[in-house]
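Shown next: start.cif, given as mmCIF, C-alpha atoms.
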data_final
#
loop_
_atom_site.label_atom_id
_atom_site.label_comp_id
_atom_site.auth_asym_id
_atom_site.auth_seq_id
_atom_site.Cartn_x
_atom_site.Cartn_y
_atom_site.Cartn_z
CA MET A 1 -33.66 49.99 89.46
CA ARG A 2 -36.43 51.53 91.53
CA VAL A 3 -39.74 52.66 90.05
CA LYS A 4 -42.09 55.51 90.99
CA ILE A 5 -45.51 55.61 89.35
CA CYS A 6 -46.64 59.22 89.45
CA GLY A 7 -49.83 61.14 88.78
CA LEU A 8 -52.15 58.74 90.58
CA THR A 9 -55.71 60.01 90.89
CA ASN A 10 -57.61 57.16 92.53
CA LEU A 11 -57.37 54.37 95.09
CA GLU A 12 -57.73 51.59 92.50
CA ASP A 13 -54.57 52.68 90.67
CA ALA A 14 -52.65 53.12 93.93
CA VAL A 15 -53.52 49.58 95.05
CA LEU A 16 -52.60 48.30 91.59
CA CYS A 17 -49.15 49.94 91.77
CA GLU A 18 -48.59 48.57 95.25
CA SER A 19 -49.60 45.02 94.26
CA ILE A 20 -47.39 45.07 91.15
CA GLY A 21 -44.38 46.07 93.22
CA ALA A 22 -43.73 49.73 92.44
CA ASP A 23 -41.33 51.21 94.98
CA ALA A 24 -43.14 54.54 95.19
CA VAL A 25 -46.29 56.31 94.08
CA GLY A 26 -46.76 60.02 93.46
CA PHE A 27 -49.81 62.20 94.06
CA VAL A 28 -50.00 65.69 92.56
CA ASN A 29 -51.29 68.70 94.49
CA TYR A 30 -50.22 71.44 92.13
CA THR A 31 -52.59 74.12 90.81
CA GLY A 32 -53.21 73.87 87.09
CA ARG A 33 -52.07 70.25 86.69
CA LYS A 34 -54.64 67.85 85.24
CA ARG A 35 -53.83 65.07 87.75
CA SER A 36 -54.01 67.35 90.79
CA LEU A 37 -55.89 66.06 93.84
CA ARG A 38 -57.03 67.65 97.08
CA LEU A 39 -54.78 66.94 100.07
CA ASP A 40 -57.66 65.20 101.88
CA ASP A 41 -58.15 62.81 98.95
CA ILE A 42 -54.42 62.06 98.88
CA SER A 43 -54.48 61.35 102.61
CA ASP A 44 -57.43 58.98 102.21
CA ILE A 45 -55.63 57.00 99.50
CA CYS A 46 -52.32 56.94 101.39
CA SER A 47 -53.97 55.68 104.58
CA THR A 48 -55.12 52.60 102.65
CA LEU A 49 -51.67 51.67 101.35
CA GLY A 50 -49.20 49.58 103.32
CA PRO A 51 -45.94 50.75 104.92
CA ILE A 52 -43.59 49.31 102.28
CA ILE A 53 -44.48 51.51 99.30
CA THR A 54 -43.23 55.11 99.51
CA LYS A 55 -45.94 57.72 99.10
CA VAL A 56 -44.79 61.03 97.56
CA LEU A 57 -46.60 64.37 97.35
CA VAL A 58 -45.73 66.30 94.18
CA CYS A 59 -46.16 69.99 94.93
CA ALA A 60 -44.89 73.57 94.69
CA PRO A 61 -45.56 75.15 98.09
CA LYS A 62 -45.35 78.94 98.23
CA ASP A 63 -43.18 78.85 101.35
CA LEU A 64 -41.70 76.60 104.03
CA ASP A 65 -44.78 76.65 106.28
CA SER A 66 -47.02 75.65 103.38
CA GLY A 67 -44.68 72.78 102.58
CA MET A 68 -44.80 71.52 106.17
CA ASP A 69 -48.59 71.80 106.23
CA MET A 70 -48.98 69.96 102.92
CA PHE A 71 -46.74 67.15 104.13
CA ILE A 72 -48.71 66.70 107.35
CA ARG A 73 -52.17 66.93 105.75
CA SER A 74 -51.44 64.53 102.89
CA ASP A 75 -50.13 61.63 105.02
CA VAL A 76 -47.18 60.97 102.67
CA ASP A 77 -43.61 59.80 103.27
CA ALA A 78 -41.80 62.38 101.12
CA LEU A 79 -42.21 65.62 99.19
CA GLN A 80 -41.28 66.09 95.53
CA LEU A 81 -40.76 69.83 95.25
CA TYR A 82 -40.94 72.19 92.31
CA SER A 83 -40.30 75.17 94.57
CA LEU A 84 -38.45 76.24 97.74
CA ASP A 85 -34.80 77.11 98.01
CA PRO A 86 -32.01 75.02 99.57
CA SER A 87 -32.33 76.60 103.03
CA ASP A 88 -36.05 75.74 103.15
CA ILE A 89 -35.31 72.18 102.05
CA GLU A 90 -32.69 71.85 104.78
CA GLU A 91 -35.26 72.97 107.34
CA LEU A 92 -37.80 70.43 106.07
CA LYS A 93 -35.15 67.75 106.43
CA GLU A 94 -34.41 68.89 110.01
CA HIS A 95 -38.04 67.97 110.71
CA GLY A 96 -37.46 64.48 109.31
CA ILE A 97 -39.13 65.10 105.95
CA LYS A 98 -37.60 63.35 102.93
CA VAL A 99 -37.24 65.65 99.94
CA ILE A 100 -36.95 64.93 96.23
CA ARG A 101 -36.16 68.18 94.38
CA ALA A 102 -37.26 68.36 90.75
CA VAL A 103 -34.73 70.05 88.47
CA PRO A 104 -34.13 70.39 84.74
CA PRO A 105 -31.30 68.32 83.24
CA ASP A 106 -28.85 71.14 83.95
CA ARG A 107 -25.65 70.74 86.01
CA GLU A 108 -25.75 74.23 87.52
CA GLU A 109 -29.38 73.97 88.63
CA ALA A 110 -28.86 70.44 89.97
CA GLY A 111 -25.79 71.60 91.88
CA LYS A 112 -27.90 74.06 93.88
CA TYR A 113 -29.98 71.23 95.35
CA ALA A 114 -27.76 68.15 95.34
CA HIS A 115 -26.38 68.75 98.85
CA CYS A 116 -29.72 69.36 100.58
CA SER A 117 -32.06 66.88 98.86
CA ASP A 118 -32.46 63.15 99.41
CA ALA A 119 -32.74 62.73 95.63
CA LEU A 120 -32.92 64.85 92.50
CA LEU A 121 -35.61 64.21 89.91
CA PHE A 122 -34.41 65.24 86.46
CA GLU A 123 -37.26 66.20 84.18
CA GLY A 124 -37.26 67.86 80.79
CA GLY A 125 -40.18 69.88 79.49
CA VAL A 126 -43.60 70.01 81.13
CA PRO A 127 -44.18 67.46 83.96
CA GLY A 128 -46.77 64.83 83.04
CA SER A 129 -46.73 65.76 79.35
CA GLY A 130 -45.19 62.50 78.13
CA ILE A 131 -42.58 64.36 76.08
CA SER A 132 -39.16 62.73 76.11
CA TYR A 133 -35.79 64.46 75.80
CA ASP A 134 -32.08 63.62 75.52
CA TYR A 135 -31.65 61.55 78.68
CA SER A 136 -27.89 61.35 78.13
CA SER A 137 -27.71 65.10 78.87
CA ILE A 138 -28.63 64.53 82.52
CA PRO A 139 -25.75 65.25 84.93
CA LEU A 140 -26.32 62.05 86.93
CA ASP A 141 -22.93 62.29 88.62
CA CYS A 142 -23.85 65.41 90.58
CA CYS A 143 -26.02 63.63 93.16
CA ARG A 144 -26.28 60.34 95.04
CA ARG A 145 -29.81 59.38 94.00
CA PRO A 146 -30.70 60.62 90.52
CA ILE A 147 -34.23 59.92 89.33
CA ILE A 148 -35.07 60.19 85.64
CA ALA A 149 -38.53 61.41 84.62
CA GLY A 150 -40.18 62.85 81.55
CA GLY A 151 -41.53 60.99 78.55
CA LEU A 152 -40.73 57.51 79.83
CA ASN A 153 -42.72 54.48 78.67
CA ILE A 154 -42.21 50.76 78.05
CA ASP A 155 -40.67 51.45 74.65
CA ASN A 156 -37.82 53.70 75.80
CA ILE A 157 -36.73 52.16 79.12
CA GLU A 158 -33.76 50.59 77.35
CA LEU A 159 -32.46 54.09 76.54
CA VAL A 160 -32.13 55.01 80.21
CA LYS A 161 -31.16 51.71 81.83
CA PRO A 162 -27.48 52.03 80.79
CA LEU A 163 -27.37 55.38 82.62
CA ASN A 164 -27.94 53.45 85.87
CA PRO A 165 -30.15 55.99 87.68
CA TYR A 166 -31.38 55.41 91.22
CA ALA A 167 -34.97 55.30 89.93
CA LEU A 168 -37.30 55.96 87.02
CA ASP A 169 -40.47 58.03 87.41
CA VAL A 170 -43.34 57.48 84.98
CA SER A 171 -46.79 59.03 84.73
CA SER A 172 -48.52 59.44 81.36
CA GLY A 173 -46.39 56.65 79.83
CA VAL A 174 -48.42 54.04 81.73
CA GLU A 175 -51.89 55.54 81.28
CA SER A 176 -54.89 54.47 79.23
CA SER A 177 -56.25 58.03 79.55
CA PRO A 178 -55.13 61.10 81.55
CA GLY A 179 -55.14 60.16 85.23
CA LYS A 180 -56.08 56.49 84.67
CA LYS A 181 -53.29 53.92 84.84
CA ASP A 182 -53.29 50.94 82.49
CA PRO A 183 -52.62 47.75 84.53
CA HIS A 184 -50.73 46.06 81.68
CA LEU A 185 -48.49 49.09 81.06
CA VAL A 186 -47.76 49.56 84.78
CA GLU A 187 -46.87 45.89 85.19
CA GLU A 188 -44.71 45.85 82.05
CA PHE A 189 -42.91 49.06 83.02
CA VAL A 190 -42.04 47.70 86.46
CA ARG A 191 -40.96 44.35 84.97
CA ARG A 192 -38.67 45.96 82.41
CA CYS A 193 -37.03 48.12 85.09
CA ARG A 194 -36.04 45.09 87.16
#
Could you render the structure from this file as structure tokens?
Amino acid sequence: MRVKICGLTNLEDAVLCESIGADAVGFVNYTGRKRSLRLDDISDICSTLGPIITKVLVCAPKDLDSGMDMFIRSDVDALQLYSLDPSDIEELKEHGIKVIRAVPPDREEAGKYAHCSDALLFEGGVPGSGISYDYSSIPLDCCRRPIIAGGLNIDNIELVKPLNPYALDVSSGVESSPGKKDPHLVEEFVRRCR
């Protein structure tokens, strides 16, 4: 099972995640979120990482042009979107941009984006809050690459492993304090996902 460590706020944590073997890292540029970084800072961190780890920008652009600009300026490999409609996502993909669309664990909402997104990220509640939910309610069968997020940590991985998602996405569940990753928790989370 693949692992994305999200909510990174510094180079040290990004290098840690890369060295431990995370498949992807996420950087937030989303107004009002406590782990939000400037696009220039995200670009600086991403330029230091190697080509194997996937770098993801977590954002909610106001329109298609903003999404394109954010992708270019941040030097990432993919966008994780909390906005834009299917036609905008299709246009981003026509430009070679990989898109993960965040959706609630709702079949109807997921169905709107399953055909146009590279993956769907199912998240309950407030992103980055560390609050878990009923993972068995996720309509994993409605897309090719379902990613489970929301309230994950080393103590509840066993609840989601039987669901066989494409990947797990963790943020606050591997932190020692908001925005600071705990090396032991990151390493243990990745190990338990393998």
Legend entry - Point (-50.7, 49.6, 86.7), cut-off 12 Å, counting only C-alpha atoms, residues as a PyMOL selection string: chain A and resi 3-8+10-22+25+170-176+179-191
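A straight line drawn from atom CA of Gly50 of chain A to atom CA of Gly26 of chain A is 14.6 Å long.
Separating atom CA of Val103 of chain A from atom CA of Leu64 of chain A is a distance of 18.3 Å.
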Inset, instruction - Give as a list in words the residues that the PyMOL selection byres ((chain A and resi 140) around 9) matches when applied to the coordinates above. - result: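 Matching residues under the PyMOL selection byres ((chain A and resi 140) around 9) are Pro105, Arg107, Phe122, Ser136, Ser137, Ile138, Pro139, Asp141, Cys142, Cys143, Arg144, Arg145, Pro146, Ile147, Leu163, Asn164 and Pro165 of chain A.
Take the candidates A:Glu109, A:Ser87, A:Ile131, A:Cys193 and check each one against Leu159 of chain A using all atoms listed in the file; the shortest distance goes to A:Cys193.
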Could you spell out the hits of the PyMOL selection byres ((chain A and resi 88-101) around 9) on the shown file, as a CSV table (one decimal) with C-alpha atoms, in the coordinates of the input?
chain,number,residue,atom,x,y,z
A,56,VAL,CA,-44.8,61.0,97.6
A,63,ASP,CA,-43.2,78.8,101.4
A,64,LEU,CA,-41.7,76.6,104.0
A,67,GLY,CA,-44.7,72.8,102.6
A,68,MET,CA,-44.8,71.5,106.2
A,71,PHE,CA,-46.7,67.2,104.1
A,77,ASP,CA,-43.6,59.8,103.3
A,78,ALA,CA,-41.8,62.4,101.1
A,79,LEU,CA,-42.2,65.6,99.2
A,80,GLN,CA,-41.3,66.1,95.5
A,81,LEU,CA,-40.8,69.8,95.2
A,82,TYR,CA,-40.9,72.2,92.3
A,83,SER,CA,-40.3,75.2,94.6
A,84,LEU,CA,-38.4,76.2,97.7
A,85,ASP,CA,-34.8,77.1,98.0
A,86,PRO,CA,-32.0,75.0,99.6
A,87,SER,CA,-32.3,76.6,103.0
A,102,ALA,CA,-37.3,68.4,90.8
A,103,VAL,CA,-34.7,70.0,88.5
A,110,ALA,CA,-28.9,70.4,90.0
A,113,TYR,CA,-30.0,71.2,95.4
A,114,ALA,CA,-27.8,68.2,95.3
A,116,CYS,CA,-29.7,69.4,100.6
A,117,SER,CA,-32.1,66.9,98.9
A,118,ASP,CA,-32.5,63.2,99.4
A,119,ALA,CA,-32.7,62.7,95.6
A,120,LEU,CA,-32.9,64.8,92.5
A,121,LEU,CA,-35.6,64.2,89.9
A,122,PHE,CA,-34.4,65.2,86.5
A,147,ILE,CA,-34.2,59.9,89.3
Inset, instruction - Return the single residue from A:Ser74, A:Arg194, A:His115, A:Gly151 that is closest to Leu37 of chain A, with distances computed using all atoms listed in the file. - result: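 Of all the options, A:Ser74 lies closest to Leu37 of chain A.
With distances taken over all atoms listed in the file, A:Asp75 is the one residue among A:Asp75, A:Asp69, A:Pro104, A:Asp23 lying closest to Asp40 of chain A.
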Axis-aligned box for all listed atoms of segment 69-76 of chain A, 3 Å per side, centre and edges in Å to one decimal, as lines of an AutoDock Vina configuration file:
center_x = -49.5
center_y = 66.4
center_z = 105.0
size_x = 11.4
size_y = 16.8
size_z = 10.7
Inset, instruction - Can you give me, as a list of chain:residue names, the residues this file yields under the PyMOL selection byres ((chain A and resi 38) around 12)? - result: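 For this structure, the PyMOL selection byres ((chain A and resi 38) around 12) captures A:Thr9, A:Asn10, A:Phe27, A:Val28, A:Asn29, A:Tyr30, A:Thr31, A:Arg33, A:Arg35, A:Ser36, A:Leu37, A:Leu39, A:Asp40, A:Asp41, A:Ile42, A:Ser43, A:Asp44, A:Ile45, A:Leu57, A:Val58, A:Cys59, A:Met70, A:Arg73, A:Ser74.
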